[in-house]
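Chemist: Input structure: structure.cif, which contains mmCIF, C-alpha atoms.
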data_run
loop_
_atom_site.label_atom_id
_atom_site.label_comp_id
_atom_site.auth_asym_id
_atom_site.auth_seq_id
_atom_site.Cartn_x
_atom_site.Cartn_y
_atom_site.Cartn_z
CA MET E 102 0.00 0.00 0.00
CA SER E 103 1.17 3.67 -0.41
CA ASN E 104 3.32 5.34 2.47
CA ILE E 105 2.42 9.02 2.22
CA LEU E 106 3.16 11.68 4.80
CA ARG E 107 3.28 9.12 7.58
CA GLY E 108 4.57 10.77 10.74
CA ALA E 109 5.71 9.27 14.02
CA ARG E 110 2.84 8.82 16.41
CA VAL E 111 2.68 7.95 20.09
CA SER E 112 1.46 4.45 20.73
CA GLY E 113 -0.31 3.07 23.74
CA ASN E 114 -3.83 2.44 24.95
CA LEU E 115 -4.30 5.95 26.34
CA CYS E 116 -3.38 7.54 23.02
CA THR E 117 -5.41 5.25 20.79
CA PRO E 118 -8.96 6.35 19.92
CA GLY E 119 -11.70 4.18 21.33
CA ALA E 120 -14.59 2.79 19.35
CA SER E 121 -16.59 6.01 19.77
CA ALA E 122 -13.72 8.13 18.41
CA TRP E 123 -13.29 5.92 15.36
CA GLY E 124 -17.05 5.76 14.84
CA GLY E 125 -17.31 9.53 15.04
CA GLY E 126 -14.46 9.90 12.56
CA ARG E 127 -16.05 7.59 10.04
CA ALA E 128 -19.40 9.32 10.48
CA ALA E 129 -17.75 12.71 9.87
CA VAL E 130 -16.08 11.45 6.70
CA ALA E 131 -19.34 9.88 5.48
CA ALA E 132 -21.23 13.14 6.05
CA ALA E 133 -18.55 15.10 4.20
CA VAL E 134 -18.69 12.65 1.30
CA ARG E 135 -22.47 13.04 1.03
CA PHE E 136 -22.13 16.83 1.01
CA LEU E 137 -19.20 17.04 -1.43
CA ARG E 138 -20.80 14.70 -3.95
CA ASN E 139 -23.39 17.39 -4.60
CA VAL E 140 -20.89 20.24 -4.94
CA PRO E 141 -20.18 21.23 -8.58
CA VAL E 142 -16.59 20.93 -9.78
CA GLU E 143 -17.02 23.07 -12.89
CA GLY E 144 -17.88 26.72 -13.38
CA ALA E 145 -16.50 30.05 -12.27
CA THR E 146 -17.32 29.48 -8.60
CA ALA E 147 -16.05 25.88 -8.41
CA ASP E 148 -13.36 25.22 -5.81
CA PRO E 149 -10.41 23.18 -7.21
CA LEU E 150 -10.11 21.32 -3.91
CA VAL E 151 -13.44 19.59 -4.46
CA GLY E 152 -12.17 18.20 -7.75
CA LEU E 153 -8.87 17.20 -6.12
CA TRP E 154 -10.80 15.42 -3.37
CA ARG E 155 -12.71 13.39 -5.97
CA GLU E 156 -9.51 12.53 -7.86
CA TRP E 157 -7.75 11.53 -4.64
CA ARG E 158 -10.61 9.24 -3.63
CA ARG E 159 -10.46 7.51 -7.02
CA ALA E 160 -6.67 7.18 -6.75
CA SER E 161 -6.91 5.80 -3.20
CA ALA E 162 -9.48 3.24 -4.30
CA ALA E 163 -7.13 2.21 -7.11
CA VAL E 164 -4.27 1.76 -4.63
CA ARG E 165 -6.40 -0.54 -2.46
CA ARG E 166 -7.63 -2.49 -5.49
CA HIS E 167 -4.14 -3.03 -6.91
CA CYS E 168 -2.76 -3.85 -3.46
CA ARG E 169 -5.34 -6.61 -2.94
CA ALA E 170 -4.61 -8.02 -6.40
CA ALA E 171 -0.84 -8.02 -5.75
CA GLN E 172 -1.27 -9.65 -2.34
CA ARG E 173 -3.44 -12.39 -3.80
CA LEU E 174 -0.88 -13.14 -6.54
CA GLU E 175 1.96 -13.10 -4.01
CA ARG E 176 0.16 -15.62 -1.78
CA GLU E 177 -0.53 -17.89 -4.74
CA LEU E 178 3.08 -17.65 -5.94
CA ALA E 179 4.51 -18.32 -2.48
CA ALA E 180 2.21 -21.32 -2.04
CA ARG E 181 3.40 -22.71 -5.35
CA ILE E 182 7.19 -22.18 -5.19
CA GLY E 183 7.92 -20.70 -1.76
CA PHE E 184 9.44 -17.30 -1.04
CA SER E 185 12.78 -16.17 -2.46
CA ARG E 186 14.87 -17.10 0.56
CA VAL E 187 17.30 -19.76 1.77
CA PRO E 188 17.81 -21.29 5.23
CA ILE E 189 20.95 -21.05 7.34
CA VAL E 190 21.39 -23.68 10.03
CA THR E 191 22.72 -22.12 13.25
CA THR E 192 23.98 -23.39 16.60
CA ASP E 193 21.39 -21.32 18.47
CA PRO E 194 18.88 -23.74 20.08
CA ASP E 195 16.24 -21.02 20.22
CA GLN E 196 16.59 -20.30 16.49
CA PRO E 197 18.14 -23.32 14.78
CA ILE E 198 17.20 -22.08 11.30
CA VAL E 199 17.37 -18.51 10.01
CA TRP E 200 15.81 -17.62 6.68
CA VAL E 201 17.68 -15.00 4.66
CA THR E 202 16.58 -13.03 1.61
CA GLY E 203 19.76 -11.12 0.76
CA PRO E 204 23.49 -11.88 0.40
CA GLU E 205 24.37 -9.25 3.00
CA GLN E 206 22.35 -11.21 5.56
CA ILE E 207 24.40 -14.31 4.81
CA ASP E 208 27.62 -12.42 5.49
CA GLY E 209 26.16 -10.85 8.62
CA ILE E 210 25.08 -14.16 10.14
CA LEU E 211 28.07 -16.30 9.18
CA GLY E 212 30.72 -13.58 9.29
CA LYS E 213 33.19 -12.72 6.56
CA THR E 214 35.85 -15.22 7.56
CA ALA E 215 37.88 -17.76 5.63
CA ALA E 216 36.20 -20.56 7.61
CA THR E 217 32.76 -19.67 6.27
CA GLU E 218 33.74 -18.57 2.77
CA ALA E 219 32.74 -21.81 1.02
CA GLN E 220 29.41 -21.98 2.85
CA ARG E 221 28.66 -18.34 2.13
CA ARG E 222 29.50 -18.77 -1.55
CA ARG E 223 27.19 -21.80 -1.79
CA LEU E 224 24.32 -20.05 0.00
CA LYS E 225 24.63 -16.95 -2.20
CA ARG E 226 24.56 -19.14 -5.30
CA GLU E 227 21.45 -20.92 -4.04
CA LEU E 228 19.82 -17.61 -3.16
CA ALA E 229 20.54 -16.22 -6.62
CA GLU E 230 18.89 -19.27 -8.18
CA VAL E 231 15.84 -18.96 -5.92
CA ARG E 232 15.56 -15.25 -6.70
CA ALA E 233 15.84 -15.84 -10.42
CA ARG E 234 13.06 -18.43 -10.29
CA TRP E 235 10.87 -16.12 -8.20
CA ASP E 236 11.40 -13.22 -10.60
CA ALA E 237 10.61 -15.37 -13.62
CA GLU E 238 7.48 -16.86 -12.04
CA ALA E 239 6.38 -13.45 -10.74
CA ALA E 240 6.57 -12.01 -14.24
CA ALA E 241 4.78 -15.01 -15.74
CA CYS E 242 1.84 -14.97 -13.31
CA GLY E 243 1.35 -11.20 -13.41
CA TYR E 244 2.64 -10.43 -9.92
CA THR E 245 5.39 -8.11 -11.17
CA GLU E 246 2.93 -6.14 -13.25
CA ALA E 247 0.50 -5.98 -10.32
CA GLN E 248 3.24 -4.50 -8.13
CA GLU E 249 4.02 -1.91 -10.79
CA ARG E 250 0.36 -0.94 -11.03
CA GLU E 251 0.12 -0.62 -7.26
CA ALA E 252 3.27 1.55 -7.15
CA ALA E 253 1.98 3.79 -9.95
CA ALA E 254 -1.37 4.22 -8.22
CA GLY E 255 0.43 5.02 -4.97
CA ARG E 256 2.51 7.71 -6.65
CA ARG E 257 -0.65 9.21 -8.14
CA ALA E 258 -2.33 9.27 -4.73
CA ASP E 259 0.79 10.83 -3.19
CA ASP E 260 0.89 13.57 -5.80
CA LEU E 261 -2.78 14.41 -5.30
CA LEU E 262 -2.39 14.43 -1.52
CA HIS E 263 0.51 16.89 -1.70
CA THR E 264 -1.36 19.01 -4.23
CA ALA E 265 -4.46 19.15 -2.06
CA ALA E 266 -2.38 20.13 0.98
CA ALA E 267 -0.73 22.98 -0.96
CA THR E 268 -3.90 24.27 -2.66
CA PRO E 269 -5.63 27.16 -0.87
CA ALA E 270 -9.36 26.71 -0.32
CA ARG E 271 -11.62 29.21 -2.06
CA SER E 272 -14.81 28.27 -0.27
CA LEU E 273 -16.28 26.40 2.66
CA ALA E 274 -16.65 23.36 0.40
CA GLY E 275 -12.92 23.56 -0.35
CA VAL E 276 -12.06 23.56 3.35
CA ILE E 277 -14.32 20.54 3.88
CA ALA E 278 -12.71 18.78 0.92
CA LYS E 279 -9.21 19.36 2.31
CA LEU E 280 -10.19 18.11 5.77
CA ALA E 281 -12.03 15.15 4.23
CA VAL E 282 -8.87 14.09 2.41
CA ALA E 283 -6.86 14.26 5.64
CA ALA E 284 -9.49 12.45 7.70
CA GLU E 285 -10.13 9.68 5.19
CA TRP E 286 -6.40 9.21 4.65
CA LEU E 287 -5.91 8.78 8.41
CA LEU E 288 -8.80 6.33 8.88
CA PRO E 289 -6.68 3.20 8.18
CA GLU E 290 -4.13 4.20 10.85
CA PRO E 291 -5.05 2.36 14.08
CA GLU E 292 -2.29 4.15 16.04
CA THR E 293 -3.56 7.63 15.23
CA ASP E 294 -3.46 9.78 18.37
CA GLY E 295 -6.80 10.50 19.98
CA HIS E 296 -6.62 14.26 20.46
CA PRO E 297 -5.50 15.51 17.01
CA TRP E 298 -7.77 12.94 15.39
CA THR E 299 -10.76 14.06 17.46
CA PHE E 300 -10.16 17.75 16.70
CA LEU E 301 -9.77 17.04 13.01
CA THR E 302 -12.90 14.95 12.63
CA THR E 303 -15.10 17.12 14.84
CA ALA E 304 -14.01 20.20 12.88
CA LEU E 305 -14.90 18.36 9.69
CA ALA E 306 -18.29 17.41 11.12
CA ASP E 307 -18.93 21.00 12.28
CA LEU E 308 -18.06 22.52 8.90
CA THR E 309 -20.16 19.96 7.03
CA ALA E 310 -23.13 20.68 9.28
CA ILE E 311 -22.71 24.44 8.73
CA ALA E 312 -22.48 23.94 4.97
CA ASN E 313 -25.59 21.75 4.94
CA ASP E 314 -27.51 24.33 6.99
CA SER E 315 -26.42 27.08 4.63
CA ALA E 316 -27.50 25.03 1.61
CA SER E 317 -30.89 24.37 3.24
CA ASP E 318 -31.36 28.09 3.94
CA HIS E 319 -30.64 28.95 0.31
CA GLY E 320 -33.07 26.30 -0.84
CA ARG E 321 -35.98 27.78 1.08
#
Show how you would write the structure in this file as structure tokens.
Modeler:
Amino acid sequence: MSNILRGARVSGNLCTPGASAWGGGRAAVAAAVRFLRNVPVEGATADPLVGLWREWRRASAAVRRHCRAAQRLERELAARIGFSRVPIVTTDPDQPIVWVTGPEQIDGILGKTAATEAQRRRLKRELAEVRARWDAEAAACGYTEAQEREAAAGRRADDLLHTAAATPARSLAGVIAKLAVAAEWLLPEPETDGHPWTFLTTALADLTAIANDSASDHGR
């Protein structure tokens, strides 16, 4: 999945939103979505942020779709040929076998000594063969292409997120769109701190309610 603007966050039960906080956040996002879907994105008075919000939602959905497809192909490939790794037998009774995926790990575990040179050379040769098979099978089954599609979708979502953050709002709908992007982007993060999250989502809910009231007044 895409890693965009992920900052360090405090972990721990006291800093993690409870069910009511998450429920309120999802409700705020849902209300904003309902409001923004009815806001025009064309015309002299249209706010560019509303259009960016719609594009970002489509890009985010594409990231999730391509991620699920890549994960499914990876599971099927691993079940068929195993992962691209080789085992090293150790003298540690708590960890008799260590699986390695890179040549540098082989050197790190066995040490770059003359005594282990032959073993390290053999393991690196085996690892290269396993990697070559994985790469060939990944390309043949579509896994490589699925990863590329996921990466491209992630870059598109990243670009739109940065653009939305840097674009000044021209209207109340634009402010709601910007906050909706931030809130919906944060929803998958279970370690999101309670206080900033609560302020963000309640502000979004407040602005959406004000916008809906204003729209109702104009419709009377």
Chemist: Enter the distance from atom CA of E:Ala258 to atom CA of E:Ala170, in Å, rounded to one decimal.
Modeler: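 These atoms are spaced 17.5 Å apart.
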Chemist: One number please: atom CA of E:Glu246 to atom CA of E:Arg176, in Å, one decimal.
Modeler: 15.1 Å
Chemist: Nearest to E:Ala267: which of E:Val190, E:Ala304, E:Ala241, E:Leu153 is it, counting only C-alpha atoms?
Modeler: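 Checking each candidate against E:Ala267, we get E:Leu153 as the closest.
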Chemist: Just give me the gap between atom CA of E:Ala284 and atom CA of E:Arg173 in Å, one decimal is fine.
Modeler: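 Value for the atom CA of E:Ala284-atom CA of E:Arg173 distance: 28.0 Å.
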Chemist: Written as a PyMOL selection string, what is the full residue list that the PyMOL selection byres ((chain E and resi 232) around 12) yields on the file shown?
Modeler: chain E and resi 182-187+201-204+225-231+233-239
